[in-house]
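model.cif follows (mmCIF, C-alpha atoms and all ligand atoms; chains and numbers go by the auth columns):
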```
data_upload
loop_
_atom_site.group_PDB
_atom_site.id
_atom_site.type_symbol
_atom_site.label_atom_id
_atom_site.label_comp_id
_atom_site.label_asym_id
_atom_site.label_seq_id
_atom_site.Cartn_x
_atom_site.Cartn_y
_atom_site.Cartn_z
_atom_site.B_iso_or_equiv
_atom_site.auth_seq_id
_atom_site.auth_asym_id
ATOM 1 C CA MET A 1 123.819 107.432 -6.021 0.00 1 A
ATOM 2 C CA PRO A 2 126.143 110.101 -7.524 0.00 2 A
ATOM 3 C CA TYR A 3 126.074 113.484 -5.837 0.00 3 A
ATOM 4 C CA TYR A 4 123.588 116.123 -7.031 0.00 4 A
ATOM 5 C CA ARG A 5 121.578 113.730 -9.185 0.00 5 A
ATOM 6 C CA ASP A 6 118.211 114.726 -7.678 0.00 6 A
ATOM 7 C CA ALA A 7 119.035 118.415 -7.934 0.00 7 A
ATOM 8 C CA PHE A 8 120.164 117.903 -11.523 0.00 8 A
ATOM 9 C CA ASN A 9 116.910 116.159 -12.433 0.00 9 A
ATOM 10 C CA ARG A 10 114.844 119.021 -11.027 0.00 10 A
ATOM 11 C CA VAL A 11 116.410 121.608 -13.366 0.00 11 A
ATOM 12 C CA GLU A 12 114.250 122.546 -16.338 0.00 12 A
ATOM 13 C CA LEU A 13 115.408 121.172 -19.672 0.00 13 A
ATOM 14 C CA SER A 14 116.284 124.517 -21.264 0.00 14 A
ATOM 15 C CA LYS A 15 118.806 125.177 -18.457 0.00 15 A
ATOM 16 C CA LYS A 16 120.587 121.859 -18.873 0.00 16 A
ATOM 17 C CA ALA A 17 123.687 121.580 -21.045 0.00 17 A
ATOM 18 C CA VAL A 18 126.275 119.119 -22.227 0.00 18 A
ATOM 19 C CA ILE A 19 129.705 120.731 -22.101 0.00 19 A
ATOM 20 C CA LEU A 20 132.555 118.758 -23.636 0.00 20 A
ATOM 21 C CA GLN A 21 136.257 119.466 -23.616 0.00 21 A
ATOM 22 C CA HIS A 22 138.222 120.295 -26.762 0.00 22 A
ATOM 23 C CA CYS A 23 140.557 117.303 -26.328 0.00 23 A
ATOM 24 C CA LEU A 24 137.698 115.075 -27.515 0.00 24 A
ATOM 25 C CA THR A 25 137.572 116.690 -30.961 0.00 25 A
ATOM 26 C CA ALA A 26 139.295 115.351 -34.075 0.00 26 A
ATOM 27 C CA ASP A 27 142.731 116.531 -35.251 0.00 27 A
ATOM 28 C CA LYS A 28 141.218 118.307 -38.228 0.00 28 A
ATOM 29 C CA CYS A 29 138.155 119.586 -36.385 0.00 29 A
ATOM 30 C CA ALA A 30 136.029 121.896 -38.539 0.00 30 A
ATOM 31 C CA ALA A 31 134.708 123.891 -35.565 0.00 31 A
ATOM 32 C CA ARG A 32 135.320 127.620 -35.361 0.00 32 A
ATOM 33 C CA PHE A 33 135.940 129.468 -32.103 0.00 33 A
ATOM 34 C CA SER A 34 133.459 131.995 -30.759 0.00 34 A
ATOM 35 C CA LYS A 35 134.185 134.121 -27.703 0.00 35 A
ATOM 36 C CA ASN A 36 130.617 133.609 -26.548 0.00 36 A
ATOM 37 C CA ASP A 37 130.000 129.976 -27.373 0.00 37 A
ATOM 38 C CA GLY A 38 133.386 128.273 -27.367 0.00 38 A
ATOM 39 C CA LEU A 39 134.085 125.871 -30.223 0.00 39 A
ATOM 40 C CA ILE A 40 131.105 125.776 -32.546 0.00 40 A
ATOM 41 C CA CYS A 41 130.831 122.195 -33.776 0.00 41 A
ATOM 42 C CA LYS A 42 129.885 121.900 -37.457 0.00 42 A
ATOM 43 C CA LYS A 43 128.754 118.291 -37.036 0.00 43 A
ATOM 44 C CA CYS A 44 131.295 117.129 -39.589 0.00 44 A
ATOM 45 C CA MET A 45 131.292 113.764 -37.775 0.00 45 A
ATOM 46 C CA GLN A 46 135.051 113.343 -37.784 0.00 46 A
ATOM 47 C CA CYS A 47 134.657 112.853 -34.052 0.00 47 A
ATOM 48 C CA ARG A 48 131.814 111.735 -31.809 0.00 48 A
ATOM 49 C CA CYS A 49 131.234 115.221 -30.411 0.00 49 A
ATOM 50 C CA GLY A 50 129.185 115.764 -33.589 0.00 50 A
ATOM 51 C CA GLU A 51 126.942 112.833 -32.684 0.00 51 A
ATOM 52 C CA ILE A 52 126.474 114.240 -29.187 0.00 52 A
ATOM 53 C CA HIS A 53 125.704 117.658 -30.668 0.00 53 A
ATOM 54 C CA VAL A 54 122.930 116.158 -32.833 0.00 54 A
ATOM 55 C CA LEU A 55 121.528 114.212 -29.869 0.00 55 A
ATOM 56 C CA CYS A 56 121.405 117.356 -27.720 0.00 56 A
ATOM 57 C CA GLU A 57 119.605 119.257 -30.464 0.00 57 A
ATOM 58 C CA GLU A 58 117.050 116.470 -30.792 0.00 58 A
ATOM 59 C CA LEU A 59 116.457 116.322 -27.036 0.00 59 A
ATOM 60 C CA GLY A 60 116.524 120.059 -26.296 0.00 60 A
ATOM 61 C CA LEU A 61 119.703 120.348 -24.239 0.00 61 A
ATOM 62 C CA GLN A 62 122.259 123.084 -24.846 0.00 62 A
ATOM 63 C CA PHE A 63 125.574 121.853 -26.262 0.00 63 A
ATOM 64 C CA TYR A 64 129.048 123.405 -26.042 0.00 64 A
ATOM 65 C CA ILE A 65 132.690 122.506 -26.461 0.00 65 A
ATOM 66 C CA PHE A 66 134.921 124.566 -24.203 0.00 66 A
ATOM 67 C CA PRO A 67 138.487 125.642 -24.904 0.00 67 A
ATOM 68 C CA SER A 68 139.523 126.022 -21.241 0.00 68 A
ATOM 69 C CA ALA A 69 138.214 125.336 -17.742 0.00 69 A
ATOM 70 C CA ASN A 70 137.829 129.038 -16.944 0.00 70 A
ATOM 71 C CA PHE A 71 135.630 129.482 -19.985 0.00 71 A
ATOM 72 C CA THR A 72 132.992 127.137 -18.573 0.00 72 A
ATOM 73 C CA GLY A 73 132.109 129.296 -15.574 0.00 73 A
ATOM 74 C CA ARG A 74 131.560 132.357 -17.748 0.00 74 A
ATOM 75 C CA LEU A 75 129.596 130.294 -20.249 0.00 75 A
ATOM 76 C CA ALA A 76 127.221 129.076 -17.537 0.00 76 A
ATOM 77 C CA VAL A 77 126.392 132.650 -16.568 0.00 77 A
ATOM 78 C CA ARG A 78 126.006 133.910 -20.153 0.00 78 A
ATOM 79 C CA LYS A 79 123.817 131.014 -21.254 0.00 79 A
ATOM 80 C CA ASP A 80 121.802 130.665 -18.040 0.00 80 A
ATOM 81 C CA ILE A 81 122.946 127.068 -17.574 0.00 81 A
ATOM 82 C CA ALA A 82 121.950 125.611 -14.215 0.00 82 A
ATOM 83 C CA ALA A 83 123.061 121.996 -14.704 0.00 83 A
ATOM 84 C CA ALA A 84 125.629 120.401 -16.971 0.00 84 A
ATOM 85 C CA ILE A 85 126.883 117.007 -18.017 0.00 85 A
ATOM 86 C CA GLY A 86 130.598 117.117 -18.633 0.00 86 A
ATOM 87 C CA VAL A 87 133.643 114.996 -19.312 0.00 87 A
ATOM 88 C CA ALA A 88 136.693 115.645 -17.193 0.00 88 A
ATOM 89 C CA CYS A 89 140.028 114.024 -16.545 0.00 89 A
ATOM 90 C CA ASP A 90 141.175 113.498 -12.969 0.00 90 A
ATOM 91 C CA TYR A 91 143.782 116.256 -13.337 0.00 91 A
ATOM 92 C CA GLU A 92 141.163 118.878 -14.277 0.00 92 A
ATOM 93 C CA ILE A 93 138.868 117.806 -11.477 0.00 93 A
ATOM 94 C CA GLN A 94 141.628 118.032 -8.908 0.00 94 A
ATOM 95 C CA ARG A 95 142.866 121.365 -10.251 0.00 95 A
ATOM 96 C CA GLY A 96 139.507 123.029 -10.723 0.00 96 A
ATOM 97 C CA ILE A 97 137.555 122.114 -7.640 0.00 97 A
ATOM 98 C CA LYS A 98 138.389 123.319 -4.172 0.00 98 A
ATOM 99 C CA SER A 99 138.120 121.154 -1.044 0.00 99 A
ATOM 100 C CA THR A 100 137.208 118.142 -3.069 0.00 100 A
ATOM 101 C CA ARG A 101 137.439 114.456 -2.545 0.00 101 A
ATOM 102 C CA ILE A 102 136.739 112.028 -5.347 0.00 102 A
ATOM 103 C CA ARG A 103 134.713 109.111 -4.046 0.00 103 A
ATOM 104 C CA GLY A 104 132.856 106.213 -5.558 0.00 104 A
ATOM 105 C CA ASN A 105 129.668 108.230 -5.944 0.00 105 A
ATOM 106 C CA GLY A 106 131.266 111.361 -7.389 0.00 106 A
ATOM 107 C CA VAL A 107 132.798 114.651 -6.452 0.00 107 A
ATOM 108 C CA HIS A 108 131.401 116.678 -3.585 0.00 108 A
ATOM 109 C CA LEU A 109 131.829 120.399 -4.192 0.00 109 A
ATOM 110 C CA SER A 110 132.246 122.930 -1.416 0.00 110 A
ATOM 111 C CA SER A 111 130.682 125.599 -3.635 0.00 111 A
ATOM 112 C CA ARG A 112 129.227 125.499 -7.108 0.00 112 A
ATOM 113 C CA ARG A 113 127.699 127.680 -9.748 0.00 113 A
ATOM 114 C CA LEU A 114 126.051 124.908 -11.714 0.00 114 A
ATOM 115 C CA ILE A 115 124.991 121.374 -10.864 0.00 115 A
ATOM 116 C CA PRO A 116 127.451 118.928 -12.433 0.00 116 A
ATOM 117 C CA GLN A 117 127.216 115.341 -13.580 0.00 117 A
ATOM 118 C CA VAL A 118 130.590 114.153 -14.778 0.00 118 A
ATOM 119 C CA ILE A 119 131.999 111.231 -16.725 0.00 119 A
ATOM 120 C CA MET A 120 135.710 110.646 -16.407 0.00 120 A
ATOM 121 C CA ALA A 121 137.773 111.001 -19.565 0.00 121 A
ATOM 122 C CA ALA A 122 139.813 107.994 -20.620 0.00 122 A
ATOM 123 C CA ARG A 123 143.102 109.656 -19.649 0.00 123 A
ATOM 124 C CA TYR A 124 144.893 112.916 -18.929 0.00 124 A
ATOM 125 C CA ASP A 125 145.630 114.052 -22.474 0.00 125 A
ATOM 126 C CA CYS A 126 144.843 117.568 -23.672 0.00 126 A
ATOM 127 C CA ILE A 127 145.270 116.688 -27.359 0.00 127 A
ATOM 128 C CA ASP A 128 143.787 113.278 -28.038 0.00 128 A
ATOM 129 C CA ASN A 129 141.352 112.099 -25.397 0.00 129 A
ATOM 130 C CA ASP A 130 138.422 109.718 -25.323 0.00 130 A
ATOM 131 C CA VAL A 131 135.417 108.843 -23.198 0.00 131 A
ATOM 132 C CA ASP A 132 132.816 106.097 -22.939 0.00 132 A
ATOM 133 C CA TRP A 133 130.559 107.637 -25.599 0.00 133 A
ATOM 134 C CA GLU A 134 127.736 105.130 -25.129 0.00 134 A
ATOM 135 C CA LYS A 135 127.606 105.864 -21.409 0.00 135 A
ATOM 136 C CA LEU A 136 127.605 109.583 -22.175 0.00 136 A
ATOM 137 C CA LYS A 137 124.711 109.187 -24.622 0.00 137 A
ATOM 138 C CA LYS A 138 122.704 107.198 -22.068 0.00 138 A
ATOM 139 C CA MET A 139 123.266 109.927 -19.486 0.00 139 A
ATOM 140 C CA ILE A 140 122.110 112.601 -21.910 0.00 140 A
ATOM 141 C CA VAL A 141 118.917 110.740 -22.828 0.00 141 A
ATOM 142 C CA SER A 142 118.136 110.195 -19.140 0.00 142 A
ATOM 143 C CA ALA A 143 118.951 113.812 -18.316 0.00 143 A
ATOM 144 C CA ALA A 144 116.510 115.013 -20.954 0.00 144 A
ATOM 145 C CA LYS A 145 113.772 112.953 -19.313 0.00 145 A
ATOM 146 C CA GLY A 146 114.670 114.285 -15.866 0.00 146 A
ATOM 147 C CA ALA A 147 115.484 110.745 -14.818 0.00 147 A
ATOM 148 C CA LEU A 148 119.251 110.492 -14.502 0.00 148 A
HETATM 149 S S1 LIG B . 132.104 116.732 -35.253 0.00 201 A
HETATM 150 FE FE1 LIG B . 132.284 118.836 -34.444 0.00 201 A
HETATM 151 S S2 LIG B . 133.805 118.723 -32.821 0.00 201 A
HETATM 152 FE FE2 LIG B . 134.014 116.826 -34.054 0.00 201 A
HETATM 153 S S3 LIG B . 135.600 117.295 -35.545 0.00 201 A
HETATM 154 FE FE3 LIG B . 133.617 117.818 -36.510 0.00 201 A
HETATM 155 S S4 LIG B . 133.281 120.006 -36.068 0.00 201 A
HETATM 156 FE FE4 LIG B . 134.918 119.260 -34.696 0.00 201 A
#
```
Could you render the structure from this file as structure tokens?
Amino acid sequence: MPYYRDAFNRVELSKKAVILQHCLTADKCAARFSKNDGLICKKCMQCRCGEIHVLCEELGLQFYIFPSANFTGRLAVRKDIAAAIGVACDYEIQRGIKSTRIRGNGVHLSSRRLIPQVIMAARYDCIDNDVDWEKLKKMIVSAAKGAL
């Protein structure tokens, strides 16, 4: 079982979030940047982040697109996020997490501010990235039920 799954499931719904990275957005993304909220997706549906945004609204999870890794930590504090589903490439994981080993069942953190559940991005590409969107949607639905 992936690390932290039980702890993630125990977090109340309003404190769970889906936090995606900007490299998943379309070239002509209609989102505007907010210092507090990151990229505010307009659900223009040029990319699948819009679909995920709608799903999160329907299920009651918070939804954000972050412009940088440092932004996410501050966001978690400001928005009272205790657990988050995210997409990360192996480079970001290795850069951002201290004393970490990536194993078959996930990433074990030496310290953490929020409980993560992560799907790997398709590649290391800060401009045009991709992810298994169907797997992400399944995770979100399960997370909303507290049954990841
Ligand atoms: S759906 Fe949202 S994130 Fe995707 S391109 Fe449109 S505004 Fe940007």
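When you apply the PyMOL selection byres (((not hetatm)) within 8 of (chain A and resi 201)) to this structure, what comes back is A:His22, A:Leu24, A:Thr25, A:Ala26, A:Asp27, A:Lys28, A:Cys29, A:Ala30, A:Ala31, A:Arg32, A:Leu39, A:Ile40, A:Cys41, A:Lys42, A:Lys43, A:Cys44, A:Met45, A:Gln46, A:Cys47, A:Arg48, A:Cys49, A:Gly50, A:Glu51, A:His53, A:Ile65.
Of note, CA of Lys79 in chain A and CA of Tyr91 in chain A are spaced 26.1 Å apart.
Proximity to Gln62 in chain A at 9 Å, evaluated using all atoms listed in the file and with sequence-adjacent residues fewer than 6 positions away removed, yields A:Leu13, A:Ser14, A:Lys15, A:Lys16, A:Ala17, A:Val18, A:Ile19, A:His53, A:Cys56, A:Lys79, A:Ile81, A:Ala84.
Taking CA of Asn36 in chain A as the reference point, CA of Phe71 in chain A is found at 9.2 Å.
CA of Glu57 in chain A is found 27.5 Å from CA of Met1 in chain A.
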Output check: residues returned by the PyMOL selection byres (((chain A and resi 130) around 8) and not hetatm), as a JSON list (two decimals) with C-alpha atoms, keeping the file's coordinate frame:
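Writing done, so here's out06.json:
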```json
[["chain", "number", "residue", "atom", "x", "y", "z"],
["A", 23, "CYS", "CA", 140.56, 117.30, -26.33],
["A", 24, "LEU", "CA", 137.70, 115.08, -27.52],
["A", 121, "ALA", "CA", 137.77, 111.00, -19.57],
["A", 122, "ALA", "CA", 139.81, 107.99, -20.62],
["A", 123, "ARG", "CA", 143.10, 109.66, -19.65],
["A", 128, "ASP", "CA", 143.79, 113.28, -28.04],
["A", 129, "ASN", "CA", 141.35, 112.10, -25.40],
["A", 131, "VAL", "CA", 135.42, 108.84, -23.20],
["A", 132, "ASP", "CA", 132.82, 106.10, -22.94]]
```
Around (131.8, 114.6, -14.9) in the file's own coordinates, what residues are found within 10 Å if you use only C-alpha atoms, given back as a ChimeraX atom specification? /A:19-20,84-90,93,106-107,116-121,136
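Shortest separation to Arg10 in chain A among A:Ala147, A:Ile52, A:Val77, A:Met139 occurs at residue A:Ala147, atoms counted being only C-alpha atoms.
Nearest residue to Tyr124 in chain A, choosing from A:Glu92, A:Val141, A:Leu75, A:Asp37 and counting only C-alpha atoms: A:Glu92.
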Generate N, CA and C atoms for range 5-17 of chain A and emit them as a PDB file, keeping the file's coordinate frame.
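That gives us rebuild-v3.pdb:
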```
ATOM      1  N   ARG A   5     122.421 114.278  -8.119  1.00  0.00           N
ATOM      2  CA  ARG A   5     121.578 113.730  -9.185  1.00  0.00           C
ATOM      3  C   ARG A   5     120.138 114.235  -9.054  1.00  0.00           C
ATOM      4  N   ASP A   6     119.589 114.249  -7.846  1.00  0.00           N
ATOM      5  CA  ASP A   6     118.211 114.726  -7.678  1.00  0.00           C
ATOM      6  C   ASP A   6     118.100 116.193  -8.063  1.00  0.00           C
ATOM      7  N   ALA A   7     119.059 116.982  -7.607  1.00  0.00           N
ATOM      8  CA  ALA A   7     119.035 118.415  -7.934  1.00  0.00           C
ATOM      9  C   ALA A   7     119.149 118.609  -9.439  1.00  0.00           C
ATOM     10  N   PHE A   8     120.000 117.815 -10.070  1.00  0.00           N
ATOM     11  CA  PHE A   8     120.164 117.903 -11.523  1.00  0.00           C
ATOM     12  C   PHE A   8     118.832 117.612 -12.224  1.00  0.00           C
ATOM     13  N   ASN A   9     118.172 116.568 -11.788  1.00  0.00           N
ATOM     14  CA  ASN A   9     116.910 116.159 -12.433  1.00  0.00           C
ATOM     15  C   ASN A   9     115.827 117.218 -12.303  1.00  0.00           C
ATOM     16  N   ARG A  10     115.889 118.008 -11.245  1.00  0.00           N
ATOM     17  CA  ARG A  10     114.844 119.021 -11.027  1.00  0.00           C
ATOM     18  C   ARG A  10     115.012 120.261 -11.908  1.00  0.00           C
ATOM     19  N   VAL A  11     116.169 120.415 -12.519  1.00  0.00           N
ATOM     20  CA  VAL A  11     116.410 121.608 -13.366  1.00  0.00           C
ATOM     21  C   VAL A  11     115.618 121.485 -14.664  1.00  0.00           C
ATOM     22  N   GLU A  12     115.029 122.599 -15.093  1.00  0.00           N
ATOM     23  CA  GLU A  12     114.250 122.546 -16.338  1.00  0.00           C
ATOM     24  C   GLU A  12     115.175 122.299 -17.535  1.00  0.00           C
ATOM     25  N   LEU A  13     114.616 121.654 -18.538  1.00  0.00           N
ATOM     26  CA  LEU A  13     115.408 121.172 -19.672  1.00  0.00           C
ATOM     27  C   LEU A  13     116.217 122.285 -20.347  1.00  0.00           C
ATOM     28  N   SER A  14     115.601 123.443 -20.527  1.00  0.00           N
ATOM     29  CA  SER A  14     116.284 124.517 -21.264  1.00  0.00           C
ATOM     30  C   SER A  14     117.528 125.036 -20.529  1.00  0.00           C
ATOM     31  N   LYS A  15     117.643 124.725 -19.231  1.00  0.00           N
ATOM     32  CA  LYS A  15     118.806 125.177 -18.457  1.00  0.00           C
ATOM     33  C   LYS A  15     119.835 124.074 -18.267  1.00  0.00           C
ATOM     34  N   LYS A  16     119.615 122.948 -18.930  1.00  0.00           N
ATOM     35  CA  LYS A  16     120.587 121.859 -18.873  1.00  0.00           C
ATOM     36  C   LYS A  16     121.475 121.919 -20.117  1.00  0.00           C
ATOM     37  N   ALA A  17     122.748 121.561 -19.923  1.00  0.00           N
ATOM     38  CA  ALA A  17     123.687 121.580 -21.045  1.00  0.00           C
ATOM     39  C   ALA A  17     124.613 120.380 -20.988  1.00  0.00           C
TER      40      ALA A  17
END
```
